[in-house]
file start.pdb (PDB, C-alpha atoms and all ligand atoms)
ATOM      1  CA  MET A  14      12.044  24.630  25.023
ATOM      2  CA  ALA A  15      14.877  26.799  26.338
ATOM      3  CA  SER A  16      17.177  23.817  26.771
ATOM      4  CA  THR A  17      16.687  22.592  23.188
ATOM      5  CA  THR A  18      17.435  26.086  21.870
ATOM      6  CA  THR A  19      20.640  26.067  23.876
ATOM      7  CA  THR A  20      21.561  22.684  22.425
ATOM      8  CA  VAL A  21      21.256  23.971  18.873
ATOM      9  CA  LYS A  22      23.186  27.118  19.762
ATOM     10  CA  GLU A  23      25.918  25.082  21.393
ATOM     11  CA  ARG A  24      26.138  22.773  18.424
ATOM     12  CA  VAL A  25      26.332  25.683  16.029
ATOM     13  CA  SER A  26      28.952  27.557  17.993
ATOM     14  CA  ALA A  27      30.959  24.429  18.840
ATOM     15  CA  SER A  28      31.761  23.912  15.165
ATOM     16  CA  ASN A  29      33.496  25.825  12.422
ATOM     17  CA  PHE A  30      30.064  26.878  11.273
ATOM     18  CA  GLY A  31      30.606  30.510  12.149
ATOM     19  CA  PRO A  32      27.412  32.296  11.114
ATOM     20  CA  GLN A  33      25.368  34.689  13.215
ATOM     21  CA  TYR A  34      21.784  33.695  13.730
ATOM     22  CA  ARG A  35      18.575  35.296  14.881
ATOM     23  CA  GLU A  36      15.203  33.699  15.661
ATOM     24  CA  LEU A  37      12.472  35.366  13.623
ATOM     25  CA  SER A  38       9.766  34.361  16.102
ATOM     26  CA  PRO A  39      10.035  32.100  19.149
ATOM     27  CA  GLY A  40      10.884  28.622  17.829
ATOM     28  CA  PHE A  41       9.874  29.427  14.241
ATOM     29  CA  GLY A  42      12.111  30.817  11.509
ATOM     30  CA  LEU A  43      15.846  31.390  11.844
ATOM     31  CA  GLU A  44      17.996  33.904   9.970
ATOM     32  CA  LEU A  45      21.656  33.120   9.346
ATOM     33  CA  THR A  46      24.200  35.670   8.232
ATOM     34  CA  GLY A  47      27.863  35.094   7.484
ATOM     35  CA  CYS A  48      27.296  31.767   5.750
ATOM     36  CA  ASP A  49      29.227  32.041   2.500
ATOM     37  CA  PHE A  50      29.196  29.227  -0.064
ATOM     38  CA  SER A  51      31.474  30.885  -2.603
ATOM     39  CA  LYS A  52      34.186  28.311  -1.917
ATOM     40  CA  GLY A  53      31.837  25.316  -2.035
ATOM     41  CA  VAL A  54      29.339  23.502   0.161
ATOM     42  CA  PRO A  55      30.978  21.892   3.206
ATOM     43  CA  LYS A  56      29.049  18.788   4.229
ATOM     44  CA  SER A  57      29.320  19.668   7.934
ATOM     45  CA  MET A  58      27.687  23.032   7.233
ATOM     46  CA  SER A  59      24.822  21.589   5.219
ATOM     47  CA  LEU A  60      24.113  18.939   7.864
ATOM     48  CA  GLN A  61      23.886  21.598  10.556
ATOM     49  CA  ILE A  62      21.624  23.751   8.410
ATOM     50  CA  LYS A  63      19.342  20.746   7.881
ATOM     51  CA  GLU A  64      19.151  20.255  11.632
ATOM     52  CA  LEU A  65      18.163  23.912  12.029
ATOM     53  CA  VAL A  66      15.472  23.574   9.334
ATOM     54  CA  VAL A  67      14.016  20.547  11.156
ATOM     55  CA  LYS A  68      13.808  22.571  14.361
ATOM     56  CA  TYR A  69      12.797  26.008  13.068
ATOM     57  CA  GLY A  70      10.797  24.988   9.955
ATOM     58  CA  VAL A  71      12.218  27.895   7.943
ATOM     59  CA  VAL A  72      15.836  29.073   7.672
ATOM     60  CA  VAL A  73      16.855  32.226   5.794
ATOM     61  CA  ILE A  74      20.489  32.427   4.794
ATOM     62  CA  ARG A  75      21.578  35.905   3.742
ATOM     63  CA  LYS A  76      24.101  36.569   0.965
ATOM     64  CA  THR A  77      25.027  32.947   0.314
ATOM     65  CA  ASN A  78      26.945  33.595  -2.935
ATOM     66  CA  LEU A  79      25.342  30.407  -4.267
ATOM     67  CA  THR A  80      25.239  29.731  -8.019
ATOM     68  CA  ASP A  81      22.867  27.373  -9.857
ATOM     69  CA  GLU A  82      25.494  24.656  -9.438
ATOM     70  CA  THR A  83      26.215  25.113  -5.731
ATOM     71  CA  HIS A  84      22.504  25.671  -5.036
ATOM     72  CA  LEU A  85      21.858  22.178  -6.437
ATOM     73  CA  GLU A  86      24.876  20.769  -4.618
ATOM     74  CA  LEU A  87      23.530  22.083  -1.310
ATOM     75  CA  ALA A  88      19.998  20.850  -2.110
ATOM     76  CA  ARG A  89      21.294  17.329  -2.882
ATOM     77  CA  THR A  90      22.694  17.076   0.633
ATOM     78  CA  PHE A  91      19.073  17.384   1.845
ATOM     79  CA  GLY A  92      17.860  14.400  -0.220
ATOM     80  CA  GLU A  93      16.725  13.275  -3.648
ATOM     81  CA  LEU A  94      15.678  16.154  -5.923
ATOM     82  CA  ASP A  95      12.419  16.506  -7.814
ATOM     83  CA  ASP A  96      12.704  17.788 -11.404
ATOM     84  CA  ILE A  97      10.594  19.359 -14.117
ATOM     85  CA  LYS A  98      11.011  16.576 -16.693
ATOM     86  CA  PRO A  99       7.269  15.711 -16.726
ATOM     87  CA  TYR A 100       6.506  19.370 -17.554
ATOM     88  CA  LEU A 101       9.153  19.431 -20.304
ATOM     89  CA  LYS A 102       7.621  16.287 -21.795
ATOM     90  CA  ALA A 103       4.246  18.045 -21.801
ATOM     91  CA  GLY A 104       5.824  20.796 -23.931
ATOM     92  CA  ARG A 105       6.494  23.459 -21.320
ATOM     93  CA  PRO A 106       9.848  25.117 -22.151
ATOM     94  CA  ASN A 107      12.498  25.784 -19.491
ATOM     95  CA  ARG A 108      14.294  29.126 -19.137
ATOM     96  CA  LEU A 109      16.818  27.641 -16.721
ATOM     97  CA  LYS A 110      19.852  25.475 -17.366
ATOM     98  CA  TYR A 111      19.023  22.603 -15.006
ATOM     99  CA  HIS A 112      15.889  20.441 -14.878
ATOM    100  CA  GLU A 113      16.173  20.305 -11.082
ATOM    101  CA  LEU A 114      15.499  24.052 -10.826
ATOM    102  CA  PHE A 115      11.864  25.166 -10.737
ATOM    103  CA  ASP A 116      11.363  28.610 -12.239
ATOM    104  CA  VAL A 117       9.410  30.691  -9.705
ATOM    105  CA  SER A 118      10.136  33.990 -11.492
ATOM    106  CA  ASN A 119       7.993  36.498 -13.340
ATOM    107  CA  VAL A 120      10.463  36.304 -16.237
ATOM    108  CA  GLU A 121       9.687  35.052 -19.761
ATOM    109  CA  LEU A 122      12.074  32.969 -21.894
ATOM    110  CA  ASP A 123      13.247  36.131 -23.690
ATOM    111  CA  GLY A 124      13.900  37.941 -20.395
ATOM    112  CA  SER A 125      10.821  40.146 -20.554
ATOM    113  CA  ILE A 126       8.414  40.474 -17.635
ATOM    114  CA  LEU A 127       5.520  38.051 -17.573
ATOM    115  CA  ASP A 128       2.265  39.551 -18.869
ATOM    116  CA  PRO A 129      -0.122  39.451 -15.876
ATOM    117  CA  LEU A 130      -2.894  38.246 -18.176
ATOM    118  CA  SER A 131      -0.851  35.340 -19.587
ATOM    119  CA  PRO A 132      -1.837  31.762 -18.670
ATOM    120  CA  ARG A 133       1.366  31.329 -16.640
ATOM    121  CA  ALA A 134       0.661  34.497 -14.615
ATOM    122  CA  GLN A 135      -2.905  33.325 -14.023
ATOM    123  CA  ALA A 136      -1.642  29.933 -12.853
ATOM    124  CA  ASN A 137       0.966  31.586 -10.598
ATOM    125  CA  LYS A 138      -1.784  33.399  -8.699
ATOM    126  CA  GLY A 139      -2.361  30.176  -6.754
ATOM    127  CA  ASN A 140       1.027  30.718  -5.060
ATOM    128  CA  SER A 141      -0.427  33.656  -3.149
ATOM    129  CA  SER A 142      -2.547  31.328  -0.982
ATOM    130  CA  PHE A 143      -0.897  29.464   1.878
ATOM    131  CA  HIS A 144       0.282  26.115   0.556
ATOM    132  CA  VAL A 145       2.876  23.386   0.765
ATOM    133  CA  ASP A 146       4.813  22.345  -2.320
ATOM    134  CA  SER A 147       3.770  19.253  -4.289
ATOM    135  CA  SER A 148       1.188  17.782  -1.892
ATOM    136  CA  PHE A 149      -0.876  17.135  -5.049
ATOM    137  CA  ASN A 150       1.826  14.919  -6.604
ATOM    138  CA  PRO A 151       2.071  11.222  -5.749
ATOM    139  CA  ARG A 152       5.238  11.888  -3.725
ATOM    140  CA  ARG A 153       5.164  15.124  -1.796
ATOM    141  CA  ALA A 154       7.985  17.603  -1.330
ATOM    142  CA  GLY A 155      10.074  17.610   1.827
ATOM    143  CA  TYR A 156      12.408  20.618   1.725
ATOM    144  CA  SER A 157      12.334  23.523  -0.723
ATOM    145  CA  LEU A 158      15.381  25.739  -1.258
ATOM    146  CA  LEU A 159      14.495  29.048  -2.941
ATOM    147  CA  LEU A 160      17.348  31.265  -4.145
ATOM    148  CA  ALA A 161      17.083  34.908  -5.238
ATOM    149  CA  HIS A 162      18.864  35.640  -8.539
ATOM    150  CA  GLU A 163      17.309  39.049  -9.245
ATOM    151  CA  LEU A 164      15.082  41.097  -6.954
ATOM    152  CA  PRO A 165      12.692  43.991  -7.518
ATOM    153  CA  PRO A 166      13.552  47.301  -5.810
ATOM    154  CA  ARG A 167      12.883  47.346  -2.049
ATOM    155  CA  GLY A 168       9.425  48.489  -1.131
ATOM    156  CA  THR A 169       7.742  47.093  -4.246
ATOM    157  CA  GLY A 170       6.720  43.769  -2.676
ATOM    158  CA  GLY A 171       7.778  40.196  -3.390
ATOM    159  CA  SER A 172       8.129  38.972   0.205
ATOM    160  CA  THR A 173       7.320  35.412   1.170
ATOM    161  CA  GLU A 174       5.203  34.540   4.184
ATOM    162  CA  PHE A 175       5.346  31.340   6.250
ATOM    163  CA  ALA A 176       2.963  29.736   8.754
ATOM    164  CA  ASP A 177       3.926  27.370  11.573
ATOM    165  CA  THR A 178       1.566  24.386  11.358
ATOM    166  CA  ARG A 179       3.244  22.475  14.218
ATOM    167  CA  ALA A 180       2.555  25.362  16.618
ATOM    168  CA  ALA A 181      -0.992  25.512  15.206
ATOM    169  CA  TRP A 182      -1.436  21.834  16.118
ATOM    170  CA  ASP A 183       0.070  22.336  19.596
ATOM    171  CA  ASP A 184      -2.403  25.122  20.388
ATOM    172  CA  LEU A 185      -5.558  23.191  19.467
ATOM    173  CA  VAL A 186      -7.688  22.329  22.494
ATOM    174  CA  GLU A 187      -7.172  18.752  23.683
ATOM    175  CA  ALA A 188     -10.695  17.688  22.669
ATOM    176  CA  LYS A 189     -10.051  18.877  19.118
ATOM    177  CA  LYS A 190      -6.731  17.050  18.961
ATOM    178  CA  SER A 191      -8.331  13.805  20.167
ATOM    179  CA  ALA A 192     -11.232  14.158  17.733
ATOM    180  CA  LEU A 193      -8.839  14.703  14.814
ATOM    181  CA  LEU A 194      -6.636  11.797  15.850
ATOM    182  CA  GLU A 195      -9.606   9.504  16.264
ATOM    183  CA  ALA A 196     -11.157  10.447  12.910
ATOM    184  CA  ASP A 197      -7.735  10.151  11.233
ATOM    185  CA  TYR A 198      -8.968  12.230   8.299
ATOM    186  CA  ILE A 199      -7.515  11.979   4.822
ATOM    187  CA  ALA A 200      -7.392  15.214   2.809
ATOM    188  CA  CYS A 201      -7.349  15.264  -1.005
ATOM    189  CA  HIS A 202      -4.948  17.810  -2.515
ATOM    190  CA  SER A 203      -5.374  19.296  -5.990
ATOM    191  CA  ILE A 204      -3.221  21.963  -7.652
ATOM    192  CA  LEU A 205      -6.126  22.649  -9.998
ATOM    193  CA  HIS A 206      -8.353  23.433  -7.010
ATOM    194  CA  SER A 207      -6.014  26.046  -5.517
ATOM    195  CA  LYS A 208      -5.336  27.557  -8.941
ATOM    196  CA  LYS A 209      -9.044  27.760  -9.692
ATOM    197  CA  LEU A 210      -9.787  29.428  -6.348
ATOM    198  CA  ALA A 211      -7.116  32.059  -7.086
ATOM    199  CA  ALA A 212      -8.085  32.636 -10.752
ATOM    200  CA  PRO A 213     -11.707  31.453 -11.113
ATOM    201  CA  GLU A 214     -12.344  32.936 -14.530
ATOM    202  CA  HIS A 215      -9.192  31.587 -16.123
ATOM    203  CA  PHE A 216      -9.878  28.074 -14.790
ATOM    204  CA  ALA A 217     -13.689  28.192 -15.157
ATOM    205  CA  HIS A 218     -13.635  25.234 -17.572
ATOM    206  CA  ILE A 219     -11.540  23.025 -15.246
ATOM    207  CA  GLU A 220     -13.247  20.674 -12.796
ATOM    208  CA  PRO A 221     -10.606  19.576 -10.243
ATOM    209  CA  ALA A 222     -12.682  16.534  -9.261
ATOM    210  CA  ASP A 223     -12.130  15.120 -12.783
ATOM    211  CA  TYR A 224      -8.430  14.623 -12.004
ATOM    212  CA  PRO A 225      -6.570  12.407  -9.532
ATOM    213  CA  MET A 226      -5.643  14.044  -6.232
ATOM    214  CA  GLY A 227      -2.878  13.533  -3.690
ATOM    215  CA  ARG A 228      -4.227  11.857  -0.526
ATOM    216  CA  HIS A 229      -2.560  12.670   2.780
ATOM    217  CA  LYS A 230      -3.448  12.466   6.457
ATOM    218  CA  LEU A 231      -4.572  15.812   7.817
ATOM    219  CA  ALA A 232      -3.071  15.349  11.285
ATOM    220  CA  GLN A 233       0.257  13.616  11.191
ATOM    221  CA  LYS A 234       3.568  13.314  12.922
ATOM    222  CA  HIS A 235       6.485  15.344  11.557
ATOM    223  CA  GLU A 236       8.906  12.487  11.846
ATOM    224  CA  ALA A 237      12.138  14.482  11.729
ATOM    225  CA  SER A 238      11.206  16.429  14.886
ATOM    226  CA  GLY A 239       8.741  13.987  16.468
ATOM    227  CA  ARG A 240       6.185  16.812  16.773
ATOM    228  CA  MET A 241       2.603  16.650  15.480
ATOM    229  CA  ASN A 242       1.643  18.733  12.442
ATOM    230  CA  LEU A 243      -1.492  19.916  10.696
ATOM    231  CA  TYR A 244      -0.719  19.085   7.055
ATOM    232  CA  LEU A 245      -2.828  21.830   5.521
ATOM    233  CA  ALA A 246      -2.699  23.703   2.199
ATOM    234  CA  ALA A 247      -4.944  25.711  -0.100
ATOM    235  CA  HIS A 248      -4.610  22.648  -2.368
ATOM    236  CA  ILE A 249      -7.050  20.707  -0.154
ATOM    237  CA  HIS A 250     -10.166  20.143  -2.249
ATOM    238  CA  HIS A 251     -12.031  18.031   0.298
ATOM    239  CA  ILE A 252     -11.630  15.816   3.318
ATOM    240  CA  GLU A 253     -12.728  12.229   2.769
ATOM    241  CA  GLY A 254     -15.541  10.445   4.581
ATOM    242  CA  ILE A 255     -17.698  13.451   5.533
ATOM    243  CA  SER A 256     -20.214  15.576   3.609
ATOM    244  CA  SER A 257     -18.852  18.378   1.446
ATOM    245  CA  GLU A 258     -20.390  20.931   3.833
ATOM    246  CA  LYS A 259     -18.680  19.369   6.851
ATOM    247  CA  SER A 260     -15.455  19.015   4.914
ATOM    248  CA  GLN A 261     -15.477  22.695   3.921
ATOM    249  CA  ALA A 262     -16.322  23.780   7.478
ATOM    250  CA  LEU A 263     -13.528  21.676   8.998
ATOM    251  CA  PHE A 264     -11.025  22.881   6.409
ATOM    252  CA  ASP A 265     -12.011  26.539   6.963
ATOM    253  CA  GLU A 266     -11.797  26.151  10.737
ATOM    254  CA  LEU A 267      -8.318  24.567  10.700
ATOM    255  CA  PHE A 268      -6.941  26.751   7.906
ATOM    256  CA  SER A 269      -8.038  29.997   9.549
ATOM    257  CA  HIS A 270      -6.668  28.744  12.887
ATOM    258  CA  ALA A 271      -3.262  27.859  11.362
ATOM    259  CA  THR A 272      -2.908  31.110   9.422
ATOM    260  CA  GLN A 273      -3.494  33.474  12.371
ATOM    261  CA  ALA A 274      -0.957  36.285  12.631
ATOM    262  CA  LYS A 275       0.693  34.665  15.659
ATOM    263  CA  TYR A 276       1.818  31.692  13.534
ATOM    264  CA  ARG A 277       3.123  33.755  10.622
ATOM    265  CA  ILE A 278       6.461  35.250   9.719
ATOM    266  CA  THR A 279       7.250  37.405   6.695
ATOM    267  CA  ILE A 280      10.588  37.082   4.968
ATOM    268  CA  ASP A 281      11.755  40.092   3.028
ATOM    269  CA  TRP A 282      14.264  39.244   0.333
ATOM    270  CA  GLU A 283      17.122  41.695   0.810
ATOM    271  CA  ASP A 284      19.922  40.746  -1.562
ATOM    272  CA  VAL A 285      20.616  38.569  -4.552
ATOM    273  CA  GLY A 286      22.012  35.337  -3.125
ATOM    274  CA  ASP A 287      19.556  35.209  -0.212
ATOM    275  CA  LEU A 288      18.315  31.635   0.211
ATOM    276  CA  VAL A 289      15.265  30.427   2.111
ATOM    277  CA  ILE A 290      14.982  26.761   3.028
ATOM    278  CA  TRP A 291      11.708  25.451   4.392
ATOM    279  CA  ASP A 292      10.257  22.105   5.360
ATOM    280  CA  ASN A 293       6.963  21.610   3.516
ATOM    281  CA  THR A 294       5.949  18.893   5.967
ATOM    282  CA  CYS A 295       5.658  21.259   8.955
ATOM    283  CA  THR A 296       5.082  24.755   7.476
ATOM    284  CA  MET A 297       2.969  26.510   4.846
ATOM    285  CA  HIS A 298       4.091  29.450   2.697
ATOM    286  CA  ARG A 299       2.784  31.940   0.179
ATOM    287  CA  ALA A 300       4.044  34.560  -2.253
ATOM    288  CA  MET A 301       2.900  37.993  -1.070
ATOM    289  CA  GLY A 302       3.039  39.621  -4.520
ATOM    290  CA  GLY A 303       3.142  43.390  -4.904
ATOM    291  CA  GLU A 304       3.354  46.248  -7.333
ATOM    292  CA  PHE A 305       6.679  44.954  -8.732
ATOM    293  CA  ALA A 306       4.917  42.106 -10.533
ATOM    294  CA  ASN A 307       4.428  43.724 -13.921
ATOM    295  CA  LYS A 308       7.245  46.295 -13.566
ATOM    296  CA  TYR A 309      10.379  44.602 -12.260
ATOM    297  CA  ARG A 310      11.934  41.209 -12.680
ATOM    298  CA  ARG A 311      11.950  38.838  -9.724
ATOM    299  CA  ASP A 312      14.076  35.833 -10.649
ATOM    300  CA  MET A 313      13.687  33.107  -8.054
ATOM    301  CA  ARG A 314      14.797  29.504  -8.554
ATOM    302  CA  ARG A 315      13.718  26.605  -6.382
ATOM    303  CA  ALA A 316      15.294  23.229  -5.762
ATOM    304  CA  THR A 317      12.723  20.814  -4.378
ATOM    305  CA  VAL A 318      13.686  17.796  -2.304
ATOM    306  CA  HIS A 319      11.397  14.754  -2.292
ATOM    307  CA  ASP A 320      10.152  13.865   1.163
ATOM    308  CA  ASP A 321      11.788  10.718   2.486
ATOM    309  CA  SER A 322       9.599  10.171   5.560
ATOM    310  CA  THR A 323       7.143   7.260   5.790
ATOM    311  CA  GLN A 324       4.393   9.809   4.922
ATOM    312  CA  ALA A 325       6.058  10.906   1.656
ATOM    313  CA  TRP A 326       3.563   9.134  -0.622
ATOM    314  CA  GLY A 327       0.592   9.590   1.689
ATOM    315  CA  LEU A 328      -2.028   7.073   0.540
ATOM    316  CA  ASN A 329      -1.055   7.487  -3.104
ATOM    317  CA  GLU A 330       0.086   4.929  -5.624
ATOM    318  CA  HIS A 331       3.801   5.102  -6.296
ATOM    319  CA  THR A 332       3.616   6.602  -9.800
ATOM    320  CA  ASP A 333       5.127   9.624 -11.530
ATOM    321  CA  VAL A 334       1.829  11.121 -12.743
ATOM    322  CA  ARG A 335       1.780  14.944 -12.376
ATOM    323  CA  GLN A 336      -1.215  17.169 -11.958
ATOM    324  CA  GLY A 337      -1.715  20.528 -13.558
ATOM    325  CA  LEU A 338      -0.271  19.688 -16.948
ATOM    326  CA  PRO A 339      -2.096  21.124 -19.938
TER     327      PRO A 339
HETATM  328  C1  LIG A 401       7.671  28.433  -4.106
HETATM  329  C2  LIG A 401       6.794  29.553  -3.699
HETATM  330  C3  LIG A 401       6.804  31.897  -3.075
HETATM  331  C4  LIG A 401       7.518  33.129  -3.505
HETATM  332  O1  LIG A 401       8.785  28.709  -4.587
HETATM  333  O2  LIG A 401       7.265  27.282  -3.928
HETATM  334  O3  LIG A 401       5.661  29.321  -3.357
HETATM  335  O4  LIG A 401       7.463  34.115  -2.750
HETATM  336  N1  LIG A 401       7.369  30.758  -3.688
HETATM  337  O5  LIG A 401       8.098  33.127  -4.602
HETATM  338 MN    MN A 402       5.376  27.063  -3.127
END

call {"tool": "encode", "arguments": {"input": "start.pdb", "output": "structure tokens", "more": "lines below"}}
Ligand code: OGA
Ligand code: MN
result
Amino acid sequence: MASTTTTVKERVSASNFGPQYRELSPGFGLELTGCDFSKGVPKSMSLQIKELVVKYGVVVIRKTNLTDETHLELARTFGELDDIKPYLKAGRPNRLKYHELFDVSNVELDGSILDPLSPRAQANKGNSSFHVDSSFNPRRAGYSLLLAHELPPRGTGGSTEFADTRAAWDDLVEAKKSALLEADYIACHSILHSKKLAAPEHFAHIEPADYPMGRHKLAQKHEASGRMNLYLAAHIHHIEGISSEKSQALFDELFSHATQAKYRITIDWEDVGDLVIWDNTCTMHRAMGGEFANKYRRDMRRATVHDDSTQAWGLNEHTDVRQGLP
């Protein structure tokens, strides 16, 4: 462990990279300061950041000076970008200039603050449970890059929390690991399920089982690091091949294990221009909410990179069907 940390440190300091960095917890989460993109996105810098994301799961870069354009430029160096075109086709308007930016704000098209009772606010509630991005789509997300454009005043909430699902796998007792590997469970992910759990009244008329789900192995190798991972999310509706009671019990057991305080880090957004990059295939995250929600604007924009590992499509057909459309 110590020697790999040294390797990354050496690589970082042996280059023109220049930033200061701080581990947020041992082996999980790294904060970089002094990484300024106002003059562009040097390829050597983005490659080293990617390496750090693979190792630490989550990398916070303070005061990046990124714009929409350079945010997308940086994201493209991580891989092929997902976009919101299917949602536009379904009639959902876009406040932002680029289709490759997902609007994670509480801001309406006219700049006003989202009404907490509006359908969009009800749907957003699902983000407050630990999840991975896009596990419900045919092709899951690899990296997400979330950039702060406007932040609520400090102390009014809006932090983002992350959980280390590789460490959670590592700490399982050997018998549990072997049982999971032998069973080779497939979990079915549904955005409608997690949304309904978070806002049961609003989604009372929706039955997630009526819609297709994303099918992914529950225990799988994180190929970029070679470590094992528990690919968990609040999107998991059921685990295939066992009764619904057993499926719920196994999900609850693994989810509560992986979300223990010792696997979590909280990231407080400090300044406009702060960027958090995470790997959805070895971490979970959630929006922590707060009293700002119906008082102050929080304008966050996310570029989402399609996974390019052999597990990217799970056991799904290679289509472009999206869940959660009206
Ligand atoms: C996301 C997300 C959490 C937050 O962008 O995918 O879940 O704190 N964001 O905004
Ligand atoms: Mn998310």

call {"tool": "residues_near_ligand", "arguments": {"input": "start.pdb", "ligand": "ligand LIG 401 (chain A)", "cutoff": "9 Å", "atoms": "only C-alpha atoms and all ligand atoms", "output": "PyMOL selection string"}}
result
chain A and resi 115-118+137+139-147+157-160+171-174+280+298-302+311-317

call {"tool": "write_last_selection", "arguments": {"input": "start.pdb", "atoms": "C-alpha atoms", "output": "mmCIF file, keeping the file's coordinate frame"}}
result
data_model
loop_
_atom_site.group_PDB
_atom_site.id
_atom_site.type_symbol
_atom_site.label_atom_id
_atom_site.label_comp_id
_atom_site.auth_asym_id
_atom_site.auth_seq_id
_atom_site.Cartn_x
_atom_site.Cartn_y
_atom_site.Cartn_z
ATOM 1 C CA PHE A 115 11.864 25.166 -10.737
ATOM 2 C CA ASP A 116 11.363 28.610 -12.239
ATOM 3 C CA VAL A 117 9.410 30.691 -9.705
ATOM 4 C CA SER A 118 10.136 33.990 -11.492
ATOM 5 C CA ASN A 137 0.966 31.586 -10.598
ATOM 6 C CA GLY A 139 -2.361 30.176 -6.754
ATOM 7 C CA ASN A 140 1.027 30.718 -5.060
ATOM 8 C CA SER A 141 -0.427 33.656 -3.149
ATOM 9 C CA SER A 142 -2.547 31.328 -0.982
ATOM 10 C CA PHE A 143 -0.897 29.464 1.878
ATOM 11 C CA HIS A 144 0.282 26.115 0.556
ATOM 12 C CA VAL A 145 2.876 23.386 0.765
ATOM 13 C CA ASP A 146 4.813 22.345 -2.320
ATOM 14 C CA SER A 147 3.770 19.253 -4.289
ATOM 15 C CA SER A 157 12.334 23.523 -0.723
ATOM 16 C CA LEU A 158 15.381 25.739 -1.258
ATOM 17 C CA LEU A 159 14.495 29.048 -2.941
ATOM 18 C CA LEU A 160 17.348 31.265 -4.145
ATOM 19 C CA GLY A 171 7.778 40.196 -3.390
ATOM 20 C CA SER A 172 8.129 38.972 0.205
ATOM 21 C CA THR A 173 7.320 35.412 1.170
ATOM 22 C CA GLU A 174 5.203 34.540 4.184
ATOM 23 C CA ILE A 280 10.588 37.082 4.968
ATOM 24 C CA HIS A 298 4.091 29.450 2.697
ATOM 25 C CA ARG A 299 2.784 31.940 0.179
ATOM 26 C CA ALA A 300 4.044 34.560 -2.253
ATOM 27 C CA MET A 301 2.900 37.993 -1.070
ATOM 28 C CA GLY A 302 3.039 39.621 -4.520
ATOM 29 C CA ARG A 311 11.950 38.838 -9.724
ATOM 30 C CA ASP A 312 14.076 35.833 -10.649
ATOM 31 C CA MET A 313 13.687 33.107 -8.054
ATOM 32 C CA ARG A 314 14.797 29.504 -8.554
ATOM 33 C CA ARG A 315 13.718 26.605 -6.382
ATOM 34 C CA ALA A 316 15.294 23.229 -5.762
ATOM 35 C CA THR A 317 12.723 20.814 -4.378
#

call {"tool": "atom_distance", "arguments": {"input": "start.pdb", "atom1": "CA of Phe175 (chain A)", "atom2": "CA of Lys110 (chain A)"}}
result
28.3 Å

call {"tool": "closest_residue", "arguments": {"input": "start.pdb", "among": "A:Lys209, A:Glu187, A:Pro55, A:Glu163", "to": "Gly124 (chain A)", "atoms": "only C-alpha atoms"}}
result
A:Glu163

call {"tool": "atom_distance", "arguments": {"input": "start.pdb", "atom1": "CA of Ala217 (chain A)", "atom2": "CA of Met297 (chain A)"}}
result
26.1 Å

call {"tool": "resolve_selection", "arguments": {"input": "start.pdb", "expression": "the PyMOL selection byres (((chain A and resi 67-76) around 6) and not hetatm)", "output": "number ranges by chain"}}
result
A: 40-46, 64-66, 77-78, 286-292

call {"tool": "closest_residue", "arguments": {"input": "start.pdb", "among": "A:Ser191, A:Asn242, A:Ser148, A:Thr323", "to": "ligand MN 402 (chain A)", "atoms": "only C-alpha atoms and all ligand atoms"}}
result
A:Ser148

call {"tool": "atom_distance", "arguments": {"input": "start.pdb", "atom1": "CA of His270 (chain A)", "atom2": "CA of Ala181 (chain A)"}}
result
6.9 Å

call {"tool": "residues_around", "arguments": {"input": "start.pdb", "residues": "region 244-248 of chain A", "least_positions_apart": "5", "cutoff": "9 Å", "atoms": "all atoms listed in the file", "output": "PyMOL selection string"}}
result
chain A and resi 139+142-146+148-149+178-179+200-208+210+229-233+264+267-268+271+293-298

call {"tool": "closest_residue", "arguments": {"input": "start.pdb", "among": "A:Glu236, A:Thr90, A:Arg35, A:Lys138", "to": "ligand MN 402 (chain A)", "atoms": "only C-alpha atoms and all ligand atoms"}}
result
A:Lys138

call {"tool": "resolve_selection", "arguments": {"input": "start.pdb", "expression": "the PyMOL selection byres (((chain A and resi 135) around 9) and not hetatm)", "output": "PyMOL selection string"}}
result
chain A and resi 129-134+136-139+208+211-212+215-216

call {"tool": "closest_residue", "arguments": {"input": "start.pdb", "among": "A:Ala154, A:Gly47, A:Tyr34, A:Ile278", "to": "ligand MN 402 (chain A)", "atoms": "only C-alpha atoms and all ligand atoms"}}
result
A:Ala154

call {"tool": "axis_aligned_box", "arguments": {"input": "start.pdb", "around": "region 102-110 of chain A", "padding_each_side": "5 Å", "output": "JSON"}}
result
{"center_x": 12.0, "center_y": 22.7, "center_z": -20.3, "size_x": 25.6, "size_y": 22.8, "size_z": 17.2}

call {"tool": "closest_residue", "arguments": {"input": "start.pdb", "among": "A:Tyr156, A:Tyr100, A:Tyr111, A:Phe50", "to": "ligand MN 402 (chain A)", "atoms": "all atoms listed in the file"}}
result
A:Tyr156

call {"tool": "resolve_selection", "arguments": {"input": "start.pdb", "expression": "the PyMOL selection byres (((chain A and resi 327) around 8) and not hetatm)", "output": "PDB file with C-alpha atoms, in the frame of the given file"}}
result
ATOM      1  CA  PRO A 151       2.071  11.222  -5.749  1.00  0.00           C
ATOM      2  CA  ARG A 152       5.238  11.888  -3.725  1.00  0.00           C
ATOM      3  CA  ARG A 153       5.164  15.124  -1.796  1.00  0.00           C
ATOM      4  CA  GLY A 227      -2.878  13.533  -3.690  1.00  0.00           C
ATOM      5  CA  ARG A 228      -4.227  11.857  -0.526  1.00  0.00           C
ATOM      6  CA  HIS A 229      -2.560  12.670   2.780  1.00  0.00           C
ATOM      7  CA  LYS A 230      -3.448  12.466   6.457  1.00  0.00           C
ATOM      8  CA  GLN A 324       4.393   9.809   4.922  1.00  0.00           C
ATOM      9  CA  ALA A 325       6.058  10.906   1.656  1.00  0.00           C
ATOM     10  CA  TRP A 326       3.563   9.134  -0.622  1.00  0.00           C
ATOM     11  CA  LEU A 328      -2.028   7.073   0.540  1.00  0.00           C
ATOM     12  CA  ASN A 329      -1.055   7.487  -3.104  1.00  0.00           C
TER      13      ASN A 329
END
